[in-house]
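Working notes for the structure below.
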2 protein chains.
Amino acid sequence: MSSDLLLRERKTLIQERLKAKGRVLAADLAAELNVSEDTIRRDLREMAAAGLCERVYGGALPVVPAAHSSLSERVAMAPERKAMLARAAVGLIKPGMTVFLDAGSTNLAIAQLIEPDLQVTVVTNTPLIAAALMEKPGVDLILLGGPLNRAVGAAISARAQRDAELLRPDLCLLGTCGADAEAGLTAIYFEDAEFKRLIAARSRRLVVAITSDKLGTAAAHAIVGIDERAVLILEADAPAAHRAAFQAAGAEILLAGGPER
Amino acid sequence: MSSDLLLRERKTLIQERLKAKGRVLAADLAAELNVSEDTIRRDLREMAAAGLCERVYGGALPVVPAAHSSLSERVAMAPERKAMLARAAVGLIKPGMTVFLDAGSTNLAIAQLIEPDLQVTVVTNTPLIAAALMEKPGVDLILLGGPLNRAVGAAISARAQRDAELLRPDLCLLGTCGADAEAGLTAIYFEDAEFKRLIAARSRRLVVAITSDKLGTAAAHAIVGIDERAVLILEADAPAAHRAAFQAAGAEILLAGGPER
DNA sequence: GCGATTTATGCACGTTTATGCACGATTGGC
DNA sequence: GCCAATCGTGCATAAACGTGCATAAATCGC
């Protein structure tokens, strides 16, 4: 015998390591825990069989829950650019705030990047976002209910709207389908636009993360115009013309991904 | 005799040691308490049977209250047995029905197994389940909202309860923490039990999928007794004694996993 | 009080479990 | 297509395990 940890303790520790670092290496674990690599491999194999991790060559990775969904498919599109926007957006969320997190793949990315121990109240109408936030102990989570709109992936019915009317979020992280200095923010679906308009109107501050492909486009239904209350998060390489137009309309512009790390 | 401690005292001491250090080793305890390892092992076995600790090779660990493990962690436990139960449960869901899907890892498995094109209305209070069902085009999804209980992973607040009062589901797929013919179905948390009791009372039919480890156990808070309205789905190898007791109480029993494939 | 019964303990036995090692197969970078 | 790192499997071993049994103390019934 060479270890001083019980089997179960070792596995628990590996899980924590997995959760904290996002991956583990068999060789490292063996050295650190003072057991042979064979033992570690056995552990990882068993954990993988139990669905606690994913075995890969050299170590293991956390299992990704709910890996497939139309929303999370959209998340998979241009993930690094969305993550960049999300990182900038997360910076605007301060302890003690009440934040509304709207539907949308960028907002899901934001939810995933929130610090686990950040003390905030998050209200959302999107089950997937709620599921992501459930893992964060610091977050007080409130869900808007009612019938779910499949296309949007969120609750935006009259019911959800009535509930939203009771809110006064400090921050509203809005998803948008189009963003144009003149047309303002727009959405594809009428009911979705209605909901967004309502919650946007009730929020102290409006934050919209916009991937460059949406700049200068307008969808069928208006949400709100661009004005002083809005903070637009753009990619660093967003065309200057759009940036200027938004600024002229009064919005605050935040560039994402510039001075990272 | 070699000890100078009464059995009870010894067990209490072991528990304190467990709580203080987070683990105990059989050999250490034997040496320290001046009894044979056999005796210590017996103690630990009995304590484990009473739910006071978790037996592991070499010693014992404190029980992790199910509260401490999040829903997504619970999902990973005994997944194939849950899937077996889930398969049986899914068979009870017929087109046109309105079904309530309660929180719980087994119910999440059920949600994942629902036929994508099955025409049903599902009501749930669990974001993770809602997210899983969003992929199924046939499913009309209604979400119960309000503050989310982190331990349960679902909306069970007064708000959700009020919403639940408006429902009359054809089927209620209930999650349970304990199932005993006498004590009935029980839950760990008061508010959770309250919610379950409410929705169960309003449902035409009650379906409960129960992994064998929950048989004969009772948690702190009662949900409902076992009666004619209940359909219990048990694993094929569930002890006959429990099956008979449930049947005597009037429940219909469904065995999962028998004629599979 | 005194035999009968239960309870707690230790011991001897065979069994199971956790682990490391040897060896051949697989993987992935180059 | 080669090479080293990594992997899985079979095997050996020691520690830990459970069980049946014996013994001694404690408890009970009368």
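Ligands are numbered from 1 in the order shown, chains are lettered A, B, ... in the order of the structure tokens, and residues start at 1 in each chain.
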
What's the 7 Å shell around B:Asp227, counting only C-alpha atoms (C1' of nucleotides), without same-chain residues fewer than 4 positions away, as a PyMOL selection string? chain B and resi 249-251

Chain C residues near chain B within 9 Å, closest pair each, using only C-alpha atoms (C1' of nucleotides), as JSON lines:
{"residue": "C:DA8", "atom": "C1'", "partner": "B:Leu7", "partner_atom": "CA", "distance": 7.9}
{"residue": "C:DT9", "atom": "C1'", "partner": "B:Met1", "partner_atom": "CA", "distance": 6.6}
{"residue": "C:DG10", "atom": "C1'", "partner": "B:Ser36", "partner_atom": "CA", "distance": 6.9}
{"residue": "C:DT17", "atom": "C1'", "partner": "B:Tyr57", "partner_atom": "CA", "distance": 7.7}
{"residue": "C:DA18", "atom": "C1'", "partner": "B:Tyr57", "partner_atom": "CA", "distance": 8.4}

Distance filter 6 Å, only C-alpha atoms, chain A against chain B, as a PDB file with C-alpha atoms, in the first residue's frame:
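The new file selection.pdb reads:
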ATOM      1  CA  GLY A  51     -21.010   8.699 -16.029  1.00  0.00           C
ATOM      2  CA  LEU A  52     -18.995  10.953 -13.743  1.00  0.00           C
ATOM      3  CA  PRO A 127     -34.717  26.703 -18.708  1.00  0.00           C
ATOM      4  CA  LEU A 128     -31.311  26.014 -20.190  1.00  0.00           C
ATOM      5  CA  ALA A 131     -30.001  24.779 -15.517  1.00  0.00           C
ATOM      6  CA  LEU A 141     -32.344  31.948  -9.195  1.00  0.00           C
ATOM      7  CA  ILE A 142     -35.858  32.934 -10.170  1.00  0.00           C
ATOM      8  CA  LEU A 143     -37.550  31.343 -13.112  1.00  0.00           C
ATOM      9  CA  LEU A 144     -40.325  32.854 -15.180  1.00  0.00           C
ATOM     10  CA  GLY A 145     -42.843  30.175 -16.031  1.00  0.00           C
ATOM     11  CA  GLY A 146     -45.678  29.424 -18.370  1.00  0.00           C
ATOM     12  CA  PRO A 147     -45.843  27.809 -21.799  1.00  0.00           C
ATOM     13  CA  LEU A 148     -42.460  27.559 -23.464  1.00  0.00           C
TER      14      LEU A 148
END

Quick one: pick out all alpha helix (DSSP H) residues within stretch 6-237 of chain B from a backbone DSSP run and write them as number ranges by chain. B: 7-21, 26-33, 37-49, 71-74, 79-90, 105-113, 127-133, 158-164, 190-202

C-alpha atoms of the current selection, written as a PDB file, in the first residue's frame:
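selection.pdb, freshly written:
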ATOM      1  CA  LEU B   7     -21.008  -0.068  22.768  1.00  0.00           C
ATOM      2  CA  ARG B   8     -23.093   3.069  22.578  1.00  0.00           C
ATOM      3  CA  GLU B   9     -20.286   5.236  23.800  1.00  0.00           C
ATOM      4  CA  ARG B  10     -17.978   3.748  21.250  1.00  0.00           C
ATOM      5  CA  LYS B  11     -20.356   4.415  18.409  1.00  0.00           C
ATOM      6  CA  THR B  12     -20.923   7.954  19.554  1.00  0.00           C
ATOM      7  CA  LEU B  13     -17.205   8.462  19.710  1.00  0.00           C
ATOM      8  CA  ILE B  14     -16.798   7.086  16.211  1.00  0.00           C
ATOM      9  CA  GLN B  15     -19.408   9.489  14.969  1.00  0.00           C
ATOM     10  CA  GLU B  16     -17.664  12.417  16.575  1.00  0.00           C
ATOM     11  CA  ARG B  17     -14.408  11.303  15.056  1.00  0.00           C
ATOM     12  CA  LEU B  18     -16.125  11.073  11.698  1.00  0.00           C
ATOM     13  CA  LYS B  19     -17.564  14.510  11.974  1.00  0.00           C
ATOM     14  CA  ALA B  20     -14.324  16.041  13.164  1.00  0.00           C
ATOM     15  CA  LYS B  21     -11.919  14.394  10.766  1.00  0.00           C
ATOM     16  CA  ALA B  26     -10.981   0.709  11.084  1.00  0.00           C
ATOM     17  CA  ALA B  27      -7.461  -0.193  12.116  1.00  0.00           C
ATOM     18  CA  ASP B  28      -6.861   3.128  13.882  1.00  0.00           C
ATOM     19  CA  LEU B  29     -10.104   2.932  15.767  1.00  0.00           C
ATOM     20  CA  ALA B  30      -9.366  -0.615  16.868  1.00  0.00           C
ATOM     21  CA  ALA B  31      -6.009   0.392  18.251  1.00  0.00           C
ATOM     22  CA  GLU B  32      -7.291   3.543  19.864  1.00  0.00           C
ATOM     23  CA  LEU B  33     -10.348   2.030  21.466  1.00  0.00           C
ATOM     24  CA  GLU B  37     -10.948  -4.670  14.261  1.00  0.00           C
ATOM     25  CA  ASP B  38     -13.809  -7.097  13.932  1.00  0.00           C
ATOM     26  CA  THR B  39     -15.697  -5.166  16.522  1.00  0.00           C
ATOM     27  CA  ILE B  40     -15.021  -1.877  14.819  1.00  0.00           C
ATOM     28  CA  ARG B  41     -16.110  -3.303  11.501  1.00  0.00           C
ATOM     29  CA  ARG B  42     -19.288  -4.515  13.095  1.00  0.00           C
ATOM     30  CA  ASP B  43     -19.905  -1.062  14.506  1.00  0.00           C
ATOM     31  CA  LEU B  44     -19.295   0.604  11.202  1.00  0.00           C
ATOM     32  CA  ARG B  45     -21.522  -1.869   9.411  1.00  0.00           C
ATOM     33  CA  GLU B  46     -24.344  -1.209  11.814  1.00  0.00           C
ATOM     34  CA  MET B  47     -23.859   2.525  11.635  1.00  0.00           C
ATOM     35  CA  ALA B  48     -23.885   2.363   7.883  1.00  0.00           C
ATOM     36  CA  ALA B  49     -27.070   0.309   7.944  1.00  0.00           C
ATOM     37  CA  LEU B  71     -29.346  17.227  -9.367  1.00  0.00           C
ATOM     38  CA  SER B  72     -26.789  16.953 -12.117  1.00  0.00           C
ATOM     39  CA  GLU B  73     -24.600  14.884  -9.815  1.00  0.00           C
ATOM     40  CA  ARG B  74     -27.441  12.637  -8.816  1.00  0.00           C
ATOM     41  CA  PRO B  79     -27.796   5.560 -14.730  1.00  0.00           C
ATOM     42  CA  GLU B  80     -28.583   2.226 -16.356  1.00  0.00           C
ATOM     43  CA  ARG B  81     -31.008   1.214 -13.632  1.00  0.00           C
ATOM     44  CA  LYS B  82     -32.701   4.576 -13.850  1.00  0.00           C
ATOM     45  CA  ALA B  83     -32.972   4.215 -17.598  1.00  0.00           C
ATOM     46  CA  MET B  84     -34.643   0.860 -17.121  1.00  0.00           C
ATOM     47  CA  LEU B  85     -37.214   2.351 -14.775  1.00  0.00           C
ATOM     48  CA  ALA B  86     -37.638   5.272 -17.107  1.00  0.00           C
ATOM     49  CA  ARG B  87     -38.359   3.044 -20.062  1.00  0.00           C
ATOM     50  CA  ALA B  88     -41.210   1.437 -18.178  1.00  0.00           C
ATOM     51  CA  ALA B  89     -42.545   4.810 -17.066  1.00  0.00           C
ATOM     52  CA  VAL B  90     -42.488   6.282 -20.549  1.00  0.00           C
ATOM     53  CA  SER B 105     -32.963  12.355 -11.570  1.00  0.00           C
ATOM     54  CA  THR B 106     -35.171   9.430 -12.544  1.00  0.00           C
ATOM     55  CA  ASN B 107     -37.705  11.820 -13.992  1.00  0.00           C
ATOM     56  CA  LEU B 108     -34.980  13.487 -15.986  1.00  0.00           C
ATOM     57  CA  ALA B 109     -34.185  10.088 -17.448  1.00  0.00           C
ATOM     58  CA  ILE B 110     -37.859   9.703 -18.283  1.00  0.00           C
ATOM     59  CA  ALA B 111     -37.922  13.055 -20.034  1.00  0.00           C
ATOM     60  CA  GLN B 112     -34.956  12.069 -22.147  1.00  0.00           C
ATOM     61  CA  LEU B 113     -36.661   8.853 -23.221  1.00  0.00           C
ATOM     62  CA  PRO B 127     -35.447  23.602 -15.681  1.00  0.00           C
ATOM     63  CA  LEU B 128     -33.205  20.671 -16.482  1.00  0.00           C
ATOM     64  CA  ILE B 129     -36.184  18.550 -17.468  1.00  0.00           C
ATOM     65  CA  ALA B 130     -37.648  21.405 -19.463  1.00  0.00           C
ATOM     66  CA  ALA B 131     -34.364  21.804 -21.299  1.00  0.00           C
ATOM     67  CA  ALA B 132     -34.355  18.113 -22.158  1.00  0.00           C
ATOM     68  CA  LEU B 133     -37.924  18.245 -23.438  1.00  0.00           C
ATOM     69  CA  ALA B 158     -45.477  29.119  -2.800  1.00  0.00           C
ATOM     70  CA  ARG B 159     -45.640  30.651  -6.242  1.00  0.00           C
ATOM     71  CA  ALA B 160     -45.123  27.333  -7.996  1.00  0.00           C
ATOM     72  CA  GLN B 161     -47.621  25.747  -5.653  1.00  0.00           C
ATOM     73  CA  ARG B 162     -50.246  28.297  -6.549  1.00  0.00           C
ATOM     74  CA  ASP B 163     -49.658  27.610 -10.224  1.00  0.00           C
ATOM     75  CA  ALA B 164     -49.830  23.891  -9.610  1.00  0.00           C
ATOM     76  CA  PHE B 190     -40.462  20.049   3.867  1.00  0.00           C
ATOM     77  CA  GLU B 191     -41.289  22.409   1.057  1.00  0.00           C
ATOM     78  CA  ASP B 192     -40.530  19.757  -1.531  1.00  0.00           C
ATOM     79  CA  ALA B 193     -42.879  17.324   0.199  1.00  0.00           C
ATOM     80  CA  GLU B 194     -45.513  20.025   0.347  1.00  0.00           C
ATOM     81  CA  PHE B 195     -45.301  20.669  -3.344  1.00  0.00           C
ATOM     82  CA  LYS B 196     -45.326  16.994  -4.227  1.00  0.00           C
ATOM     83  CA  ARG B 197     -48.317  16.395  -1.984  1.00  0.00           C
ATOM     84  CA  LEU B 198     -50.212  19.162  -3.690  1.00  0.00           C
ATOM     85  CA  ILE B 199     -49.561  18.104  -7.248  1.00  0.00           C
ATOM     86  CA  ALA B 200     -50.095  14.447  -6.393  1.00  0.00           C
ATOM     87  CA  ALA B 201     -53.483  15.227  -4.933  1.00  0.00           C
ATOM     88  CA  ARG B 202     -54.529  17.022  -8.079  1.00  0.00           C
TER      89      ARG B 202
END

Residues near B:Arg204, anyone? I mean within 8 Å using only C-alpha atoms (C1' of nucleotides), not counting same-chain ones fewer than 5 positions away, as a compact mmCIF listing (two decimals) with C-alpha atoms, in the first residue's frame.
# COMPACT_ATOMS: atom_id res chain seq x y z
CA ARG B 168 -55.34 18.66 -13.30
CA PRO B 169 -52.78 16.38 -14.93
CA ASP B 170 -53.79 12.98 -16.26
CA LEU B 171 -50.55 11.61 -14.96
CA CYS B 172 -48.17 12.73 -12.28
CA ARG B 229 -54.22 5.59 -7.42

If you superpose chain B onto chain A over the full set of Cα atoms in sequence order, what number do you get for the RMSD in Å? 15.6 Å

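All residues of protein, DNA or RNA that reach within 9 Å of C:DT27, judged by only C-alpha atoms (C1' of nucleotides) and not counting those fewer than 6 positions away in the chain, are Tyr57 of chain A; DA5, DT6 and DC7 of chain D.
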
For stretch 209-222 of chain A, list every protein, DNA or RNA residue within 7 Å, evaluated using only C-alpha atoms (C1' of nucleotides), and leave out those in the same chain fewer than 2 positions away; present the list as a PyMOL selection string. chain A and resi 85+177-180+183+185-190+193+207+224+232-235+238

I need the strand (DSSP E or B) residues of stretch 31-219 of chain B per DSSP on the backbone, written as a ChimeraX atom specification. /B:54-56,59-61,98-101,120-124,139-143,146-149,154-155,171-174,178-180,184-187,205-210,215

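Taking atom C1' of D:DC17 as the reference point, atom C1' of C:DT16 is found at 6.7 Å.
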